[in-house]
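Below is one structure, written out as structure tokens; the observations come after it.
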Amino acid sequence: MSIDSLRRSARTTVSGLPQGFWWLWLSTLVNRTGAFVLTFLSLYLTVELGHSAWFAGLVVALHGLGGVAGSPLGGALTDRWGRRPTMVTMHLAAAACAAALAVVTNAWAIAAVVLLMGVAMQAVRPPINATIADMVPAHDVRRAYSLNYWALNLGFAIASIAGGAAAFLGYRTLFVVDAVATVLCAVIVFLRLPETRPEARLDHQGEPVVEAKVSMLTVLRDAPFRTLVLLNLFVCLVFTAPWIGLPLTMAGQGLSPSSYGFVIAVNGIVIVGFQLLVNKLTDKRSPVLLLSLSSLLFAVGTGATALAGSSVAFAATVVVWTVGEMIHVPTNAAATARLAPEHARGRYQGVMGMSWAVAGFVAPIGAGLIVDGPGPDVLWAVTAAIGVLAAVGYYTRLRKALAEGTTEAGVETKAEAGFEGATETAAGAPAPVVAKAEGSGSSAVGA
């Protein structure tokens with residue numbers, strides 16, 4: 001592929017999206033570029049404050065536990081309160097927590113702050129994901145999610161490099177910078193993004209239609225979506241396991257921590273360097289096939305870790321499951337938007353976010369127990385089996401629900417019906433009319 005063709009491909013990938021999308025894309029980049037707390041929290045707790053590695057692991061796990069509560073909270077507020085107010089409030093709450101970590105020194109006070117930070121950071125994801133579904137045309141939704149996920153990883157890569165270089169300023173200084181960046185993110189959202197919550201649908205007499213109330217229980221009763229959430233949980237468990245199991249496996253083979261640093265850096269390098277190309281190659285492909293393929297890539301990549309014996313071999317396994325990650329995250333987000341009624345997108349995204357949060361809490365504990373018990377080879381065999389199971393589940397259970405142009409109920413989606421008519425979703429709730437403002441848009445945080 002020539003340089004010119006690559007340039008044309010890149011232009012095609014980033015063209016045609018609403019202006020507001022790029023403001024939210026920028027807010028994601030700014031937010032993640034200053035994301036120093038989670039990157040350096042364990043070092044701060046152990047090196048700076050002298051706490052044990054066990055306590056540091058507990059505090060990081062509490063962040064994930066906070067996300068389990070934060071995701072449905074953010075989803076409910078998104079639908080009831082609005083997208084923009086929820087985003088701004090939760091960004092400011094996360095900024096306050098980051099600033100608090102710069103001054104709080106009591107061990108359990110730090111744990112409480114990190115728990116609250118997990119709530120706030122996870123609660124901001126449903127409104128972002130809902131906004132992209134509101135503002136971006138259905139045929140471009142997956143591409144928009146991919147671009148925002150690229151921004152997230154680009155920002156994280158910058159933060160890792162800049163944070164490491166600036167660590168001599170002190171961890172507390174980095175936490176303050178994190179707070180400032182998050183406040184700036186909130187300011188961008190407040191000043192540049194309009195509220196995108198769909199307006200009430202009107203009947204033939206021009207009167208507002210009272211939509212059926214959608215609770216979290218209603219969402220969980222949506223069989224196709226419930227299946228999507230369960231399968232995503234399986235994939236998330238596989239995706240999260242290497243972040244704990246890989247360094248332990250490499251250390252068990254006598255490889256140095258610096259070798260692990262090189263290997264895991266491949267994940268970010270591949271995403272930043274090739275996400276746009278993957279977007280181009282997967283555009284317009286069947287979501288079921290993409291979700292099945294990504295699950296198999298996770299299975300092969302993590303399963304092959306048991307066979308690796310050098311840094312290069314471990315890096316090759318990371319490349320495989322990273323490609324799976326690049327395919328899975330935006331496709332899963334777009335599938336969630338497809339199955340959700342327009343007036344309940346926040347709650348649907350909130351429930352989906354819970355699967356990521358639960359995996360972030362359970363997988364590190366489970367991976368550590370398996371490595372300490374049966375051994376790392378068993379861990380990688382288990383992840384491979386779960387990945388294959390997820391691939392089979394996607395292909396056999398969701399082909400009809402995610403078929404292009406139809407929902408599980410077999411009716412038109414907005415991709416075919418346009419944005420003017422109400423549609424019937426798998427949950428059985430009518431979706432209201434929503435106008436697409438070309439001058440505004442959004443993006444979503446991927447994981």
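By order in the structure tokens, chains are A, B, ...; within a chain, residues start at 1; ligands start at 1, following the order shown.
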
*Near A:Gly67, within 10 Å and counting only C-alpha atoms, which residues show up once chain neighbours fewer than 4 positions away are dropped, as a count of residues only?*
24

_Which residues are near A:Phe298? Cut-off 7 Å, only C-alpha atoms, ignore same chain within fewer than 5 positions. Put them as a ChimeraX atom specification._
/A:238-239,321,324,387

Same residues, C-alpha atoms, output as a PDB file, in the first residue's frame:
```
ATOM      1  CA  VAL A 238      -9.855 -12.466  28.804  1.00  0.00           C
ATOM      2  CA  PHE A 239      -8.687  -8.950  27.944  1.00  0.00           C
ATOM      3  CA  TRP A 321      -4.924  -9.843  21.186  1.00  0.00           C
ATOM      4  CA  GLY A 324      -8.782  -8.202  18.787  1.00  0.00           C
ATOM      5  CA  GLY A 387     -12.482 -16.534  24.191  1.00  0.00           C
TER       6      GLY A 387
END
```

Please return, as a compact mmCIF listing (two decimals) with all heavy atoms, in the first residue's frame, all residues of stretch 34-108 of chain A that DSSP assigns to helix (DSSP H, G or I) on the basis of the backbone.
```txt
# COMPACT_ATOMS: atom_id res chain seq x y z
N VAL A 37 -3.13 9.42 37.52
CA VAL A 37 -3.42 8.79 38.81
C VAL A 37 -3.29 7.28 38.73
O VAL A 37 -2.51 6.66 39.47
CB VAL A 37 -4.82 9.19 39.31
CG1 VAL A 37 -5.22 8.33 40.51
CG2 VAL A 37 -4.83 10.66 39.73
N LEU A 38 -4.06 6.64 37.84
CA LEU A 38 -4.03 5.18 37.78
C LEU A 38 -2.69 4.65 37.30
O LEU A 38 -2.25 3.58 37.71
CB LEU A 38 -5.16 4.68 36.87
CG LEU A 38 -6.58 4.84 37.43
CD1 LEU A 38 -7.58 4.28 36.45
CD2 LEU A 38 -6.70 4.15 38.78
N THR A 39 -2.03 5.40 36.43
CA THR A 39 -0.75 4.94 35.90
C THR A 39 0.32 4.86 36.99
O THR A 39 1.13 3.93 37.01
CB THR A 39 -0.27 5.89 34.78
OG1 THR A 39 -1.30 6.00 33.79
CG2 THR A 39 1.00 5.36 34.14
N PHE A 40 0.31 5.81 37.91
CA PHE A 40 1.37 5.90 38.90
C PHE A 40 0.89 5.67 40.33
O PHE A 40 1.67 5.83 41.27
CB PHE A 40 2.05 7.27 38.81
CG PHE A 40 2.74 7.50 37.50
CD1 PHE A 40 2.12 8.18 36.48
CD2 PHE A 40 4.02 7.01 37.28
CE1 PHE A 40 2.75 8.39 35.26
CE2 PHE A 40 4.67 7.20 36.07
CZ PHE A 40 4.04 7.90 35.05
N LEU A 41 -0.37 5.27 40.51
CA LEU A 41 -0.91 5.13 41.86
C LEU A 41 -0.20 4.06 42.66
O LEU A 41 0.13 4.27 43.84
CB LEU A 41 -2.41 4.82 41.78
CG LEU A 41 -3.14 4.69 43.11
CD1 LEU A 41 -3.02 5.97 43.92
CD2 LEU A 41 -4.60 4.31 42.89
N SER A 42 0.05 2.90 42.05
CA SER A 42 0.70 1.82 42.80
C SER A 42 2.11 2.21 43.21
O SER A 42 2.55 1.88 44.33
CB SER A 42 0.71 0.53 41.97
OG SER A 42 1.41 0.72 40.75
N LEU A 43 2.84 2.90 42.33
CA LEU A 43 4.18 3.35 42.69
C LEU A 43 4.13 4.40 43.79
O LEU A 43 4.96 4.40 44.71
CB LEU A 43 4.88 3.93 41.46
CG LEU A 43 5.29 2.93 40.37
CD1 LEU A 43 5.86 3.68 39.17
CD2 LEU A 43 6.30 1.94 40.91
N TYR A 44 3.15 5.29 43.73
CA TYR A 44 2.99 6.31 44.76
C TYR A 44 2.74 5.68 46.12
O TYR A 44 3.34 6.08 47.12
CB TYR A 44 1.83 7.23 44.37
CG TYR A 44 1.42 8.21 45.44
CD1 TYR A 44 2.29 9.22 45.86
CD2 TYR A 44 0.16 8.14 46.02
CE1 TYR A 44 1.90 10.13 46.83
CE2 TYR A 44 -0.23 9.04 46.99
CZ TYR A 44 0.64 10.03 47.40
OH TYR A 44 0.25 10.92 48.37
N LEU A 45 1.87 4.67 46.14
CA LEU A 45 1.53 4.04 47.41
C LEU A 45 2.69 3.24 48.00
O LEU A 45 2.89 3.24 49.22
CB LEU A 45 0.32 3.11 47.21
CG LEU A 45 -1.01 3.82 46.91
CD1 LEU A 45 -2.08 2.80 46.53
CD2 LEU A 45 -1.47 4.65 48.10
N THR A 46 3.46 2.57 47.15
CA THR A 46 4.53 1.71 47.65
C THR A 46 5.86 2.46 47.83
O THR A 46 6.51 2.35 48.87
CB THR A 46 4.74 0.52 46.69
OG1 THR A 46 4.97 1.01 45.36
CG2 THR A 46 3.53 -0.38 46.69
N VAL A 47 6.24 3.24 46.84
CA VAL A 47 7.54 3.91 46.88
C VAL A 47 7.49 5.19 47.72
O VAL A 47 8.35 5.42 48.57
CB VAL A 47 8.03 4.23 45.46
CG1 VAL A 47 9.33 5.01 45.50
CG2 VAL A 47 8.19 2.95 44.65
N GLU A 48 6.46 6.01 47.48
CA GLU A 48 6.38 7.31 48.15
C GLU A 48 5.88 7.19 49.58
O GLU A 48 6.44 7.79 50.50
CB GLU A 48 5.46 8.24 47.35
CG GLU A 48 5.33 9.64 47.92
CD GLU A 48 6.46 10.56 47.47
OE1 GLU A 48 7.31 10.11 46.68
OE2 GLU A 48 6.47 11.72 47.91
N ALA A 53 2.63 -3.92 48.76
CA ALA A 53 2.09 -4.19 47.44
C ALA A 53 0.66 -4.71 47.54
O ALA A 53 -0.18 -4.42 46.68
CB ALA A 53 2.97 -5.20 46.71
N TRP A 54 0.38 -5.44 48.63
CA TRP A 54 -0.99 -5.94 48.83
C TRP A 54 -1.97 -4.78 48.96
O TRP A 54 -3.04 -4.79 48.35
CB TRP A 54 -1.02 -6.78 50.11
CG TRP A 54 -2.43 -7.18 50.49
CD1 TRP A 54 -3.14 -8.26 50.05
CD2 TRP A 54 -3.31 -6.45 51.37
NE1 TRP A 54 -4.41 -8.26 50.60
CE2 TRP A 54 -4.53 -7.17 51.42
CE3 TRP A 54 -3.18 -5.30 52.13
CZ2 TRP A 54 -5.62 -6.75 52.19
CZ3 TRP A 54 -4.26 -4.88 52.90
CH2 TRP A 54 -5.45 -5.60 52.93
N PHE A 55 -1.60 -3.77 49.73
CA PHE A 55 -2.49 -2.62 49.91
C PHE A 55 -2.66 -1.86 48.60
O PHE A 55 -3.76 -1.41 48.27
CB PHE A 55 -1.94 -1.69 50.99
CG PHE A 55 -2.80 -0.48 51.24
CD1 PHE A 55 -3.97 -0.58 51.96
CD2 PHE A 55 -2.44 0.76 50.73
CE1 PHE A 55 -4.78 0.53 52.17
CE2 PHE A 55 -3.24 1.87 50.94
CZ PHE A 55 -4.42 1.75 51.67
N ALA A 56 -1.58 -1.72 47.85
CA ALA A 56 -1.67 -1.03 46.56
C ALA A 56 -2.62 -1.76 45.63
O ALA A 56 -3.44 -1.14 44.93
CB ALA A 56 -0.28 -0.91 45.93
N GLY A 57 -2.52 -3.10 45.62
CA GLY A 57 -3.44 -3.87 44.78
C GLY A 57 -4.88 -3.73 45.22
O GLY A 57 -5.80 -3.65 44.40
N LEU A 58 -5.09 -3.66 46.54
CA LEU A 58 -6.44 -3.49 47.06
C LEU A 58 -7.02 -2.14 46.63
O LEU A 58 -8.18 -2.05 46.23
CB LEU A 58 -6.42 -3.58 48.59
CG LEU A 58 -7.73 -3.23 49.30
CD1 LEU A 58 -8.82 -4.23 48.92
CD2 LEU A 58 -7.54 -3.19 50.82
N VAL A 59 -6.22 -1.09 46.70
CA VAL A 59 -6.70 0.25 46.34
C VAL A 59 -7.06 0.30 44.85
O VAL A 59 -8.10 0.86 44.48
CB VAL A 59 -5.64 1.31 46.68
CG1 VAL A 59 -6.04 2.67 46.11
CG2 VAL A 59 -5.46 1.41 48.19
N VAL A 60 -6.23 -0.30 44.00
CA VAL A 60 -6.53 -0.32 42.57
C VAL A 60 -7.81 -1.11 42.31
O VAL A 60 -8.65 -0.73 41.48
CB VAL A 60 -5.35 -0.91 41.78
CG1 VAL A 60 -5.72 -1.09 40.31
CG2 VAL A 60 -4.13 -0.01 41.91
N ALA A 61 -8.00 -2.21 43.06
CA ALA A 61 -9.23 -3.00 42.90
C ALA A 61 -10.45 -2.20 43.33
O ALA A 61 -11.53 -2.33 42.76
CB ALA A 61 -9.12 -4.29 43.72
N LEU A 62 -10.29 -1.36 44.35
CA LEU A 62 -11.41 -0.53 44.79
C LEU A 62 -11.84 0.45 43.70
O LEU A 62 -13.01 0.79 43.59
CB LEU A 62 -11.02 0.24 46.06
CG LEU A 62 -10.96 -0.57 47.35
CD1 LEU A 62 -10.46 0.30 48.50
CD2 LEU A 62 -12.33 -1.15 47.69
N HIS A 63 -10.89 0.90 42.91
CA HIS A 63 -11.24 1.76 41.78
C HIS A 63 -12.17 1.02 40.83
O HIS A 63 -13.18 1.58 40.36
CB HIS A 63 -9.96 2.20 41.05
CG HIS A 63 -10.20 3.19 39.95
ND1 HIS A 63 -10.60 2.80 38.69
CD2 HIS A 63 -10.12 4.54 39.92
CE1 HIS A 63 -10.75 3.87 37.94
NE2 HIS A 63 -10.46 4.94 38.65
N GLY A 64 -11.85 -0.23 40.55
CA GLY A 64 -12.73 -1.04 39.71
C GLY A 64 -14.08 -1.29 40.35
O GLY A 64 -15.12 -1.27 39.68
N LEU A 65 -14.09 -1.50 41.67
CA LEU A 65 -15.34 -1.73 42.38
C LEU A 65 -16.22 -0.49 42.31
O LEU A 65 -17.45 -0.59 42.16
CB LEU A 65 -15.05 -2.09 43.84
CG LEU A 65 -16.27 -2.47 44.70
CD1 LEU A 65 -16.96 -3.70 44.13
CD2 LEU A 65 -15.84 -2.71 46.14
N GLY A 66 -15.61 0.69 42.42
CA GLY A 66 -16.37 1.93 42.28
C GLY A 66 -17.03 2.03 40.91
O GLY A 66 -18.15 2.54 40.78
N GLY A 67 -16.34 1.52 39.90
CA GLY A 67 -16.90 1.54 38.56
C GLY A 67 -18.15 0.69 38.41
O GLY A 67 -19.03 1.00 37.61
N VAL A 68 -18.24 -0.39 39.19
CA VAL A 68 -19.42 -1.24 39.15
C VAL A 68 -20.66 -0.46 39.55
O VAL A 68 -21.74 -0.61 38.99
CB VAL A 68 -19.24 -2.47 40.06
CG1 VAL A 68 -20.51 -3.31 40.09
CG2 VAL A 68 -18.07 -3.31 39.58
N ALA A 69 -20.51 0.42 40.53
CA ALA A 69 -21.63 1.28 40.96
C ALA A 69 -21.77 2.50 40.05
O ALA A 69 -22.89 2.96 39.78
CB ALA A 69 -21.42 1.73 42.40
N GLY A 70 -20.65 3.03 39.58
CA GLY A 70 -20.68 4.26 38.79
C GLY A 70 -21.32 4.10 37.44
O GLY A 70 -21.99 5.03 36.95
N SER A 71 -21.17 2.96 36.81
CA SER A 71 -21.70 2.79 35.46
C SER A 71 -23.23 2.87 35.41
O SER A 71 -23.78 3.64 34.62
CB SER A 71 -21.21 1.47 34.87
OG SER A 71 -21.49 1.39 33.50
N PRO A 72 -23.97 2.11 36.24
CA PRO A 72 -25.43 2.27 36.21
C PRO A 72 -25.89 3.63 36.70
O PRO A 72 -26.90 4.15 36.24
CB PRO A 72 -25.94 1.14 37.11
CG PRO A 72 -24.79 0.77 37.98
CD PRO A 72 -23.57 1.02 37.15
N LEU A 73 -25.15 4.21 37.65
CA LEU A 73 -25.48 5.56 38.12
C LEU A 73 -25.38 6.56 36.97
O LEU A 73 -26.29 7.37 36.74
CB LEU A 73 -24.55 5.98 39.25
CG LEU A 73 -24.65 7.45 39.71
CD1 LEU A 73 -26.03 7.72 40.30
CD2 LEU A 73 -23.55 7.76 40.72
N GLY A 74 -24.29 6.51 36.23
CA GLY A 74 -24.12 7.39 35.09
C GLY A 74 -25.16 7.15 34.02
O GLY A 74 -25.64 8.10 33.38
N GLY A 75 -25.54 5.89 33.81
CA GLY A 75 -26.56 5.58 32.82
C GLY A 75 -27.91 6.17 33.18
O GLY A 75 -28.60 6.74 32.33
N ALA A 76 -28.30 6.03 34.45
CA ALA A 76 -29.59 6.57 34.89
C ALA A 76 -29.61 8.09 34.79
O ALA A 76 -30.59 8.69 34.33
CB ALA A 76 -29.88 6.11 36.31
N LEU A 77 -28.52 8.75 35.22
CA LEU A 77 -28.46 10.20 35.15
C LEU A 77 -28.46 10.69 33.70
O LEU A 77 -29.02 11.74 33.39
CB LEU A 77 -27.21 10.71 35.87
CG LEU A 77 -27.19 10.56 37.40
CD1 LEU A 77 -25.86 11.01 37.97
CD2 LEU A 77 -28.34 11.34 38.03
N THR A 78 -27.83 9.93 32.83
CA THR A 78 -27.77 10.31 31.42
C THR A 78 -29.16 10.43 30.81
O THR A 78 -29.46 11.38 30.08
CB THR A 78 -26.95 9.27 30.63
OG1 THR A 78 -25.60 9.29 31.10
CG2 THR A 78 -26.97 9.55 29.14
N ASP A 79 -30.02 9.45 31.10
CA ASP A 79 -31.38 9.47 30.54
C ASP A 79 -32.30 10.42 31.28
O ASP A 79 -33.19 11.02 30.68
CB ASP A 79 -31.97 8.05 30.58
CG ASP A 79 -31.29 7.11 29.61
OD1 ASP A 79 -30.76 7.59 28.59
OD2 ASP A 79 -31.29 5.89 29.86
N ARG A 80 -32.09 10.59 32.58
CA ARG A 80 -33.01 11.39 33.38
C ARG A 80 -32.59 12.85 33.44
O ARG A 80 -33.41 13.76 33.36
CB ARG A 80 -33.08 10.81 34.80
CG ARG A 80 -34.07 11.52 35.71
CD ARG A 80 -34.18 10.79 37.03
NE ARG A 80 -34.60 9.40 36.84
CZ ARG A 80 -34.69 8.51 37.83
NH1 ARG A 80 -34.36 8.86 39.06
NH2 ARG A 80 -35.08 7.27 37.58
N ARG A 83 -27.22 14.29 28.95
CA ARG A 83 -25.87 13.84 28.64
C ARG A 83 -24.82 14.82 29.15
O ARG A 83 -23.90 14.47 29.91
CB ARG A 83 -25.71 13.69 27.13
CG ARG A 83 -26.22 12.38 26.54
CD ARG A 83 -27.70 12.22 26.55
NE ARG A 83 -28.15 11.26 25.56
CZ ARG A 83 -29.11 10.38 25.78
NH1 ARG A 83 -29.71 10.31 26.96
NH2 ARG A 83 -29.50 9.56 24.81
N ARG A 84 -24.95 16.08 28.75
CA ARG A 84 -23.92 17.07 29.09
C ARG A 84 -23.82 17.33 30.59
O ARG A 84 -22.71 17.35 31.13
CB ARG A 84 -24.17 18.37 28.33
CG ARG A 84 -23.01 19.35 28.47
CD ARG A 84 -23.17 20.58 27.62
NE ARG A 84 -24.28 21.41 28.06
CZ ARG A 84 -24.43 22.68 27.71
NH1 ARG A 84 -23.57 23.25 26.89
NH2 ARG A 84 -25.45 23.37 28.15
N PRO A 85 -24.93 17.53 31.32
CA PRO A 85 -24.79 17.73 32.77
C PRO A 85 -24.11 16.57 33.48
O PRO A 85 -23.31 16.77 34.41
CB PRO A 85 -26.24 17.89 33.24
CG PRO A 85 -26.99 18.34 32.05
CD PRO A 85 -26.34 17.67 30.88
N THR A 86 -24.42 15.34 33.05
CA THR A 86 -23.80 14.17 33.67
C THR A 86 -22.30 14.15 33.39
O THR A 86 -21.49 13.90 34.29
CB THR A 86 -24.45 12.88 33.16
OG1 THR A 86 -25.86 12.94 33.40
CG2 THR A 86 -23.87 11.67 33.86
N MET A 87 -21.92 14.42 32.14
CA MET A 87 -20.49 14.44 31.80
C MET A 87 -19.73 15.49 32.59
O MET A 87 -18.68 15.21 33.19
CB MET A 87 -20.31 14.69 30.29
CG MET A 87 -20.43 13.47 29.42
SD MET A 87 -19.96 13.83 27.70
CE MET A 87 -21.54 14.36 27.03
N VAL A 88 -20.25 16.70 32.62
CA VAL A 88 -19.56 17.79 33.31
C VAL A 88 -19.44 17.50 34.79
O VAL A 88 -18.36 17.64 35.39
CB VAL A 88 -20.30 19.12 33.08
CG1 VAL A 88 -19.72 20.22 33.96
CG2 VAL A 88 -20.21 19.55 31.61
N THR A 89 -20.53 17.05 35.41
CA THR A 89 -20.51 16.77 36.85
C THR A 89 -19.52 15.67 37.19
O THR A 89 -18.74 15.79 38.15
CB THR A 89 -21.92 16.38 37.32
OG1 THR A 89 -22.83 17.44 37.06
CG2 THR A 89 -21.92 16.08 38.81
N MET A 90 -19.52 14.60 36.44
CA MET A 90 -18.65 13.47 36.76
C MET A 90 -17.19 13.78 36.45
O MET A 90 -16.28 13.32 37.15
CB MET A 90 -19.12 12.23 36.01
CG MET A 90 -20.47 11.73 36.50
SD MET A 90 -20.48 11.45 38.31
CE MET A 90 -22.23 11.26 38.60
N HIS A 91 -16.94 14.57 35.40
CA HIS A 91 -15.56 15.00 35.15
C HIS A 91 -15.04 15.84 36.32
O HIS A 91 -13.90 15.67 36.78
CB HIS A 91 -15.47 15.81 33.86
CG HIS A 91 -15.40 14.98 32.62
ND1 HIS A 91 -14.55 13.89 32.50
CD2 HIS A 91 -16.05 15.09 31.42
CE1 HIS A 91 -14.68 13.37 31.30
NE2 HIS A 91 -15.58 14.06 30.63
N LEU A 92 -15.87 16.76 36.80
CA LEU A 92 -15.45 17.61 37.92
C LEU A 92 -15.26 16.79 39.20
O LEU A 92 -14.36 17.06 39.99
CB LEU A 92 -16.48 18.72 38.14
CG LEU A 92 -16.58 19.77 37.02
CD1 LEU A 92 -17.67 20.78 37.34
CD2 LEU A 92 -15.24 20.48 36.82
N ALA A 93 -16.12 15.80 39.39
CA ALA A 93 -15.97 14.93 40.56
C ALA A 93 -14.66 14.14 40.49
O ALA A 93 -13.94 14.00 41.49
CB ALA A 93 -17.16 13.98 40.66
N ALA A 94 -14.33 13.63 39.30
CA ALA A 94 -13.07 12.91 39.13
C ALA A 94 -11.88 13.84 39.35
O ALA A 94 -10.87 13.44 39.95
CB ALA A 94 -13.01 12.28 37.75
N ALA A 95 -11.99 15.08 38.89
CA ALA A 95 -10.92 16.05 39.09
C ALA A 95 -10.73 16.34 40.57
O ALA A 95 -9.59 16.45 41.06
CB ALA A 95 -11.24 17.35 38.34
N ALA A 96 -11.84 16.46 41.31
CA ALA A 96 -11.74 16.71 42.75
C ALA A 96 -11.05 15.55 43.46
O ALA A 96 -10.24 15.76 44.37
CB ALA A 96 -13.14 16.93 43.33
N CYS A 97 -11.33 14.33 43.03
CA CYS A 97 -10.68 13.16 43.64
C CYS A 97 -9.18 13.15 43.34
O CYS A 97 -8.37 12.84 44.22
CB CYS A 97 -11.33 11.89 43.12
SG CYS A 97 -13.02 11.61 43.71
N ALA A 98 -8.81 13.48 42.09
CA ALA A 98 -7.39 13.52 41.74
C ALA A 98 -6.66 14.58 42.57
O ALA A 98 -5.55 14.35 43.05
CB ALA A 98 -7.23 13.81 40.25
N ALA A 99 -7.30 15.75 42.73
CA ALA A 99 -6.69 16.80 43.55
C ALA A 99 -6.57 16.37 45.00
O ALA A 99 -5.58 16.67 45.69
CB ALA A 99 -7.51 18.08 43.44
N ALA A 100 -7.60 15.64 45.51
CA ALA A 100 -7.57 15.18 46.90
C ALA A 100 -6.41 14.22 47.14
O ALA A 100 -5.80 14.24 48.22
CB ALA A 100 -8.89 14.51 47.25
N LEU A 101 -6.09 13.40 46.15
CA LEU A 101 -4.97 12.45 46.32
C LEU A 101 -3.64 13.17 46.48
O LEU A 101 -2.68 12.59 46.99
CB LEU A 101 -4.91 11.50 45.13
CG LEU A 101 -6.02 10.44 45.08
CD1 LEU A 101 -5.91 9.64 43.79
CD2 LEU A 101 -5.93 9.52 46.29
N ALA A 107 -4.04 6.21 54.87
CA ALA A 107 -4.18 5.06 53.98
C ALA A 107 -5.63 4.82 53.58
O ALA A 107 -5.94 4.68 52.39
CB ALA A 107 -3.60 3.81 54.64
N TRP A 108 -6.52 4.78 54.57
CA TRP A 108 -7.90 4.45 54.26
C TRP A 108 -8.64 5.62 53.63
O TRP A 108 -9.61 5.43 52.89
CB TRP A 108 -8.61 3.92 55.50
CG TRP A 108 -7.97 2.65 55.95
CD1 TRP A 108 -7.21 2.45 57.06
CD2 TRP A 108 -7.98 1.40 55.24
NE1 TRP A 108 -6.74 1.16 57.12
CE2 TRP A 108 -7.21 0.48 56.02
CE3 TRP A 108 -8.56 0.95 54.06
CZ2 TRP A 108 -7.01 -0.84 55.63
CZ3 TRP A 108 -8.36 -0.37 53.67
CH2 TRP A 108 -7.60 -1.24 54.45
```

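Counting only C-alpha atoms, the residue from A:Gly366, A:Val288, A:Thr322, A:Val329 that sits nearest to A:Ala403 is A:Val288.
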
Please provide as a compact mmCIF listing (two decimals) with C-alpha atoms, in the first residue's frame all residues within 10 Å of A:Asp178, with the sequence filter that same-chain residues fewer than 2 positions apart are discarded (counting only C-alpha atoms).
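out.txt, written as the output of this step:
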```txt
# COMPACT_ATOMS: atom_id res chain seq x y z
CA VAL A 30 -7.00 16.05 26.84
CA ASN A 31 -8.46 13.95 29.62
CA ARG A 32 -6.35 10.89 28.87
CA THR A 33 -3.17 12.89 28.21
CA GLY A 34 -3.35 14.06 31.82
CA ALA A 35 -4.39 10.68 33.24
CA PHE A 36 -1.59 10.09 35.73
CA VAL A 37 -3.42 8.79 38.81
CA ALA A 94 -13.07 12.91 39.13
CA ALA A 95 -10.92 16.05 39.09
CA ALA A 96 -11.74 16.71 42.75
CA CYS A 97 -10.68 13.16 43.64
CA ALA A 98 -7.39 13.52 41.74
CA ALA A 99 -6.69 16.80 43.55
CA ALA A 159 0.56 10.35 29.60
CA ARG A 172 1.51 14.74 43.93
CA THR A 173 2.37 17.20 41.16
CA LEU A 174 1.27 14.64 38.58
CA PHE A 175 -2.03 14.19 40.41
CA VAL A 176 -2.62 17.95 40.33
CA VAL A 180 -6.36 20.28 35.85
CA ALA A 181 -6.62 18.22 32.65
CA THR A 182 -9.93 16.72 33.78
CA VAL A 183 -11.32 20.17 34.60
CA LEU A 184 -10.25 21.34 31.13
```

*Excluding same-chain residues fewer than 5 positions from A:Asn153, what lies within 10 Å of it counting only C-alpha atoms, as a ChimeraX atom specification?*
/A:28-29,32-33,148,158-159,267-272,275,446

Write out, as a short mmCIF file (atom, residue, chain, number, x, y, z; two decimals), in the first residue's frame, the residues just selected, with N, CA, C and O atoms.
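Okay, this is what ended up in part-v5.cif:
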```
data_model
loop_
_atom_site.label_atom_id
_atom_site.label_comp_id
_atom_site.auth_asym_id
_atom_site.auth_seq_id
_atom_site.Cartn_x
_atom_site.Cartn_y
_atom_site.Cartn_z
N THR A 28 -11.61 13.95 25.09
CA THR A 28 -11.08 12.63 25.45
C THR A 28 -9.56 12.64 25.42
O THR A 28 -8.90 12.11 26.33
N LEU A 29 -8.99 13.22 24.38
CA LEU A 29 -7.53 13.28 24.26
C LEU A 29 -6.93 14.07 25.41
O LEU A 29 -5.94 13.63 26.02
N ARG A 32 -7.25 12.04 28.75
CA ARG A 32 -6.35 10.89 28.87
C ARG A 32 -4.88 11.31 28.85
O ARG A 32 -4.03 10.62 29.41
N THR A 33 -4.55 12.42 28.21
CA THR A 33 -3.17 12.89 28.21
C THR A 33 -2.73 13.27 29.62
O THR A 33 -1.55 13.16 29.97
N ASN A 148 -12.64 7.62 18.65
CA ASN A 148 -12.52 8.09 20.02
C ASN A 148 -11.64 7.14 20.85
O ASN A 148 -10.89 7.57 21.72
N ILE A 158 0.74 9.20 25.56
CA ILE A 158 1.41 10.46 25.88
C ILE A 158 1.57 10.60 27.38
O ILE A 158 2.63 11.01 27.89
N ALA A 159 0.52 10.24 28.14
CA ALA A 159 0.56 10.35 29.60
C ALA A 159 1.64 9.45 30.19
O ALA A 159 2.35 9.84 31.13
N ASN A 267 1.19 -2.96 23.04
CA ASN A 267 -0.26 -2.77 22.99
C ASN A 267 -0.61 -1.35 22.56
O ASN A 267 -1.38 -1.14 21.61
N GLY A 268 -0.06 -0.37 23.25
CA GLY A 268 -0.36 1.02 22.91
C GLY A 268 0.19 1.42 21.57
O GLY A 268 -0.46 2.17 20.82
N ILE A 269 1.39 0.94 21.23
CA ILE A 269 2.00 1.29 19.95
C ILE A 269 1.15 0.79 18.78
O ILE A 269 0.91 1.51 17.80
N VAL A 270 0.68 -0.44 18.88
CA VAL A 270 -0.13 -1.01 17.80
C VAL A 270 -1.45 -0.25 17.65
O VAL A 270 -1.88 0.05 16.54
N ILE A 271 -2.08 0.08 18.78
CA ILE A 271 -3.36 0.80 18.70
C ILE A 271 -3.18 2.18 18.09
O ILE A 271 -3.92 2.58 17.19
N VAL A 272 -2.20 2.92 18.59
CA VAL A 272 -1.97 4.27 18.08
C VAL A 272 -1.57 4.24 16.60
O VAL A 272 -2.01 5.07 15.80
N GLN A 275 -4.88 1.76 14.50
CA GLN A 275 -6.32 1.79 14.71
C GLN A 275 -7.07 2.31 13.49
O GLN A 275 -8.11 1.77 13.10
N GLY A 446 -14.08 4.30 24.79
CA GLY A 446 -14.29 2.93 24.45
C GLY A 446 -14.45 2.05 25.57
O GLY A 446 -15.46 1.53 25.84
#
```
